[in-house]
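Colleague: Right, I'll just put the structure down here and ask away after.
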Amino acid sequence: MKKVLANELSKLILRTVEVYNRYRSPEATAKLLKLEEDSVTIEFEGSFCQSCGVQDYFEDFVHELKGISSIEAGIQEIEQTSPQSFKVQYRVKGGFLSGKPDEERLFQEFLREKGLSVEDYMASNPCTKDMMRFHFRTWLFERKSRRSKPR
């Protein structure tokens, strides 16, 4: 595994925040506060479903992060800053390493082929992003098929 570059890492965390918020907002909304070499601090605001347990919302972020980037993280510290706001610091296990650097590189290559940038992707609405991801998966499959055919 290779170290994730700061710019890539920031994009991965922001993408995780975006996915997290898509499924949990307005009950819980995440916002990146601070990114360090071995930790990330996220602010969570919302009404939070009290029967679910507030801690579950913070653990969900860990699962989203791992699903998007293979980054292993755990909750290090939780600070309640108001009745409906928490700052959560996550410690990254083994530093910021990515198990999917090739997929990120390939996604950027796919975007370039389509005349788009990561910034264009990030600025898109959720429906457009889902379609781009669908087309990316198709592109990956076709690319793999072309490479596996005997010549």
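Chains: A, B, ... in order of the structure tokens. Residues: from 1 per chain. Ligands: from 1, in order shown.
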Sorted by chain and rising residue number, which residues of segment 39-80 of chain A lie within 6 Å of segment 5-27 of chain A, and what are their closest atom pairs and distances in Å to one decimal, counting only C-alpha atoms, as JSON lines?
Modeller:
```
{"residue": "A:Gly46", "atom": "CA", "partner": "A:Glu27", "partner_atom": "CA", "distance": 5.0}
{"residue": "A:Ser47", "atom": "CA", "partner": "A:Glu27", "partner_atom": "CA", "distance": 5.2}
{"residue": "A:Phe48", "atom": "CA", "partner": "A:Glu27", "partner_atom": "CA", "distance": 4.9}
{"residue": "A:Leu65", "atom": "CA", "partner": "A:Thr16", "partner_atom": "CA", "distance": 5.5}
```
Colleague: Assign secondary structure with DSSP using the backbone only, and return the residues of segment 101-136 of chain A in helix (DSSP H, G or I) as a ChimeraX atom specification.
Modeller: /A:101-113,118-123,126-136
Colleague: Could you turn the residues from that selection into a file that holds C-alpha atoms, as a PDB file, in the first residue's frame?
Modeller:
```pdb
ATOM      1  CA  PRO A 101      -5.059   3.821  -5.075  1.00  0.00           C
ATOM      2  CA  ASP A 102      -5.469   2.263  -8.512  1.00  0.00           C
ATOM      3  CA  GLU A 103      -9.224   2.738  -8.478  1.00  0.00           C
ATOM      4  CA  GLU A 104      -8.846   6.415  -7.608  1.00  0.00           C
ATOM      5  CA  ARG A 105      -6.229   6.827 -10.342  1.00  0.00           C
ATOM      6  CA  LEU A 106      -8.474   4.996 -12.813  1.00  0.00           C
ATOM      7  CA  PHE A 107     -11.480   7.129 -11.869  1.00  0.00           C
ATOM      8  CA  GLN A 108      -9.434  10.260 -12.549  1.00  0.00           C
ATOM      9  CA  GLU A 109      -8.338   8.763 -15.896  1.00  0.00           C
ATOM     10  CA  PHE A 110     -11.974   7.975 -16.725  1.00  0.00           C
ATOM     11  CA  LEU A 111     -12.988  11.566 -15.940  1.00  0.00           C
ATOM     12  CA  ARG A 112     -10.165  12.934 -18.111  1.00  0.00           C
ATOM     13  CA  GLU A 113     -11.243  10.710 -21.017  1.00  0.00           C
ATOM     14  CA  VAL A 118     -12.490  15.767 -10.179  1.00  0.00           C
ATOM     15  CA  GLU A 119     -13.722  19.294  -9.424  1.00  0.00           C
ATOM     16  CA  ASP A 120     -16.459  18.883 -12.052  1.00  0.00           C
ATOM     17  CA  TYR A 121     -17.434  15.598 -10.438  1.00  0.00           C
ATOM     18  CA  MET A 122     -17.493  17.079  -6.929  1.00  0.00           C
ATOM     19  CA  ALA A 123     -19.636  20.012  -8.114  1.00  0.00           C
ATOM     20  CA  PRO A 126     -25.989  13.423  -6.435  1.00  0.00           C
ATOM     21  CA  CYS A 127     -27.927  11.952  -9.361  1.00  0.00           C
ATOM     22  CA  THR A 128     -25.226  12.972 -11.832  1.00  0.00           C
ATOM     23  CA  LYS A 129     -22.533  11.542  -9.544  1.00  0.00           C
ATOM     24  CA  ASP A 130     -24.377   8.231  -9.344  1.00  0.00           C
ATOM     25  CA  MET A 131     -24.575   8.110 -13.148  1.00  0.00           C
ATOM     26  CA  MET A 132     -20.868   8.953 -13.465  1.00  0.00           C
ATOM     27  CA  ARG A 133     -20.022   6.127 -11.039  1.00  0.00           C
ATOM     28  CA  PHE A 134     -22.243   3.733 -13.007  1.00  0.00           C
ATOM     29  CA  HIS A 135     -20.503   4.665 -16.258  1.00  0.00           C
ATOM     30  CA  PHE A 136     -17.124   4.364 -14.524  1.00  0.00           C
TER      31      PHE A 136
END
```
Colleague: Would you mind listing what lies within 10 Å of Ile75 of chain A as a PyMOL selection string, with only C-alpha atoms counted and same-chain residues fewer than 3 positions away left out?
Modeller: chain A and resi 39-41+55+58-59+61-62+78+88-92
Colleague: What does the file look like for those residues with C-alpha atoms, as a PDB file, in the first residue's frame?
Modeller:
```pdb
ATOM      1  CA  SER A  39      -6.276  11.950  12.251  1.00  0.00           C
ATOM      2  CA  VAL A  40      -9.354  13.705  10.956  1.00  0.00           C
ATOM      3  CA  THR A  41     -11.848  15.801  12.921  1.00  0.00           C
ATOM      4  CA  GLN A  55     -22.454   7.043  18.894  1.00  0.00           C
ATOM      5  CA  PHE A  58     -20.073   8.568  14.471  1.00  0.00           C
ATOM      6  CA  GLU A  59     -19.342   4.905  13.812  1.00  0.00           C
ATOM      7  CA  PHE A  61     -18.747   7.637   9.320  1.00  0.00           C
ATOM      8  CA  VAL A  62     -15.962   5.062   9.878  1.00  0.00           C
ATOM      9  CA  ILE A  78     -15.892  12.828  21.140  1.00  0.00           C
ATOM     10  CA  VAL A  88     -15.352  13.751  16.701  1.00  0.00           C
ATOM     11  CA  GLN A  89     -11.679  13.059  16.204  1.00  0.00           C
ATOM     12  CA  TYR A  90     -10.850   9.869  14.338  1.00  0.00           C
ATOM     13  CA  ARG A  91      -7.434   8.255  14.615  1.00  0.00           C
ATOM     14  CA  VAL A  92      -6.289   6.641  11.411  1.00  0.00           C
TER      15      VAL A  92
END
```
Colleague: Using only C-alpha atoms, find the one residue out of A:Arg146, A:Lys87, A:Ile42, A:Lys93 that sits nearest to Glu72 of chain A.
Modeller: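 Checking each candidate against Glu72 of chain A, we get A:Lys93 as the closest.
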Colleague: Among the residues of chain A, find those DSSP assigns to strand (DSSP E or B) from the backbone and print them as an MDAnalysis selection string.
Modeller: chainID A and resid 2:3 29:35 39:45 73:82 85:92 97:98
Colleague: Keeping C-alpha atoms, export the residues of the selection given above as an mmCIF file, in the first residue's frame.
Modeller:
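Below is the file part23.cif, written as the result:
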```
data_model
loop_
_atom_site.group_PDB
_atom_site.id
_atom_site.type_symbol
_atom_site.label_atom_id
_atom_site.label_comp_id
_atom_site.auth_asym_id
_atom_site.auth_seq_id
_atom_site.Cartn_x
_atom_site.Cartn_y
_atom_site.Cartn_z
ATOM 1 C CA LYS A 2 1.115 3.520 -0.612
ATOM 2 C CA LYS A 3 0.648 6.712 1.336
ATOM 3 C CA THR A 29 -24.866 16.280 9.017
ATOM 4 C CA ALA A 30 -21.077 15.872 8.879
ATOM 5 C CA LYS A 31 -18.553 18.604 8.108
ATOM 6 C CA LEU A 32 -14.768 18.289 7.853
ATOM 7 C CA LEU A 33 -13.065 20.491 10.453
ATOM 8 C CA LYS A 34 -9.442 19.388 10.459
ATOM 9 C CA LEU A 35 -7.231 16.963 8.573
ATOM 10 C CA SER A 39 -6.276 11.950 12.251
ATOM 11 C CA VAL A 40 -9.354 13.705 10.956
ATOM 12 C CA THR A 41 -11.848 15.801 12.921
ATOM 13 C CA ILE A 42 -15.463 15.907 11.822
ATOM 14 C CA GLU A 43 -18.265 18.041 13.208
ATOM 15 C CA PHE A 44 -21.689 16.408 13.394
ATOM 16 C CA GLU A 45 -24.832 18.503 13.781
ATOM 17 C CA ALA A 73 -10.058 4.617 11.325
ATOM 18 C CA GLY A 74 -11.435 4.558 14.837
ATOM 19 C CA ILE A 75 -13.020 7.083 17.135
ATOM 20 C CA GLN A 76 -10.416 8.697 19.366
ATOM 21 C CA GLU A 77 -12.339 11.493 21.056
ATOM 22 C CA ILE A 78 -15.892 12.828 21.140
ATOM 23 C CA GLU A 79 -16.659 16.331 22.365
ATOM 24 C CA GLN A 80 -20.214 17.593 22.668
ATOM 25 C CA THR A 81 -20.087 21.266 21.687
ATOM 26 C CA SER A 82 -23.833 21.968 22.022
ATOM 27 C CA SER A 85 -23.435 19.300 17.851
ATOM 28 C CA PHE A 86 -20.416 17.064 18.357
ATOM 29 C CA LYS A 87 -16.772 17.206 17.319
ATOM 30 C CA VAL A 88 -15.352 13.751 16.701
ATOM 31 C CA GLN A 89 -11.679 13.059 16.204
ATOM 32 C CA TYR A 90 -10.850 9.869 14.338
ATOM 33 C CA ARG A 91 -7.434 8.255 14.615
ATOM 34 C CA VAL A 92 -6.289 6.641 11.411
ATOM 35 C CA LEU A 97 -2.969 4.428 3.534
ATOM 36 C CA SER A 98 -5.243 3.538 0.706
#
```
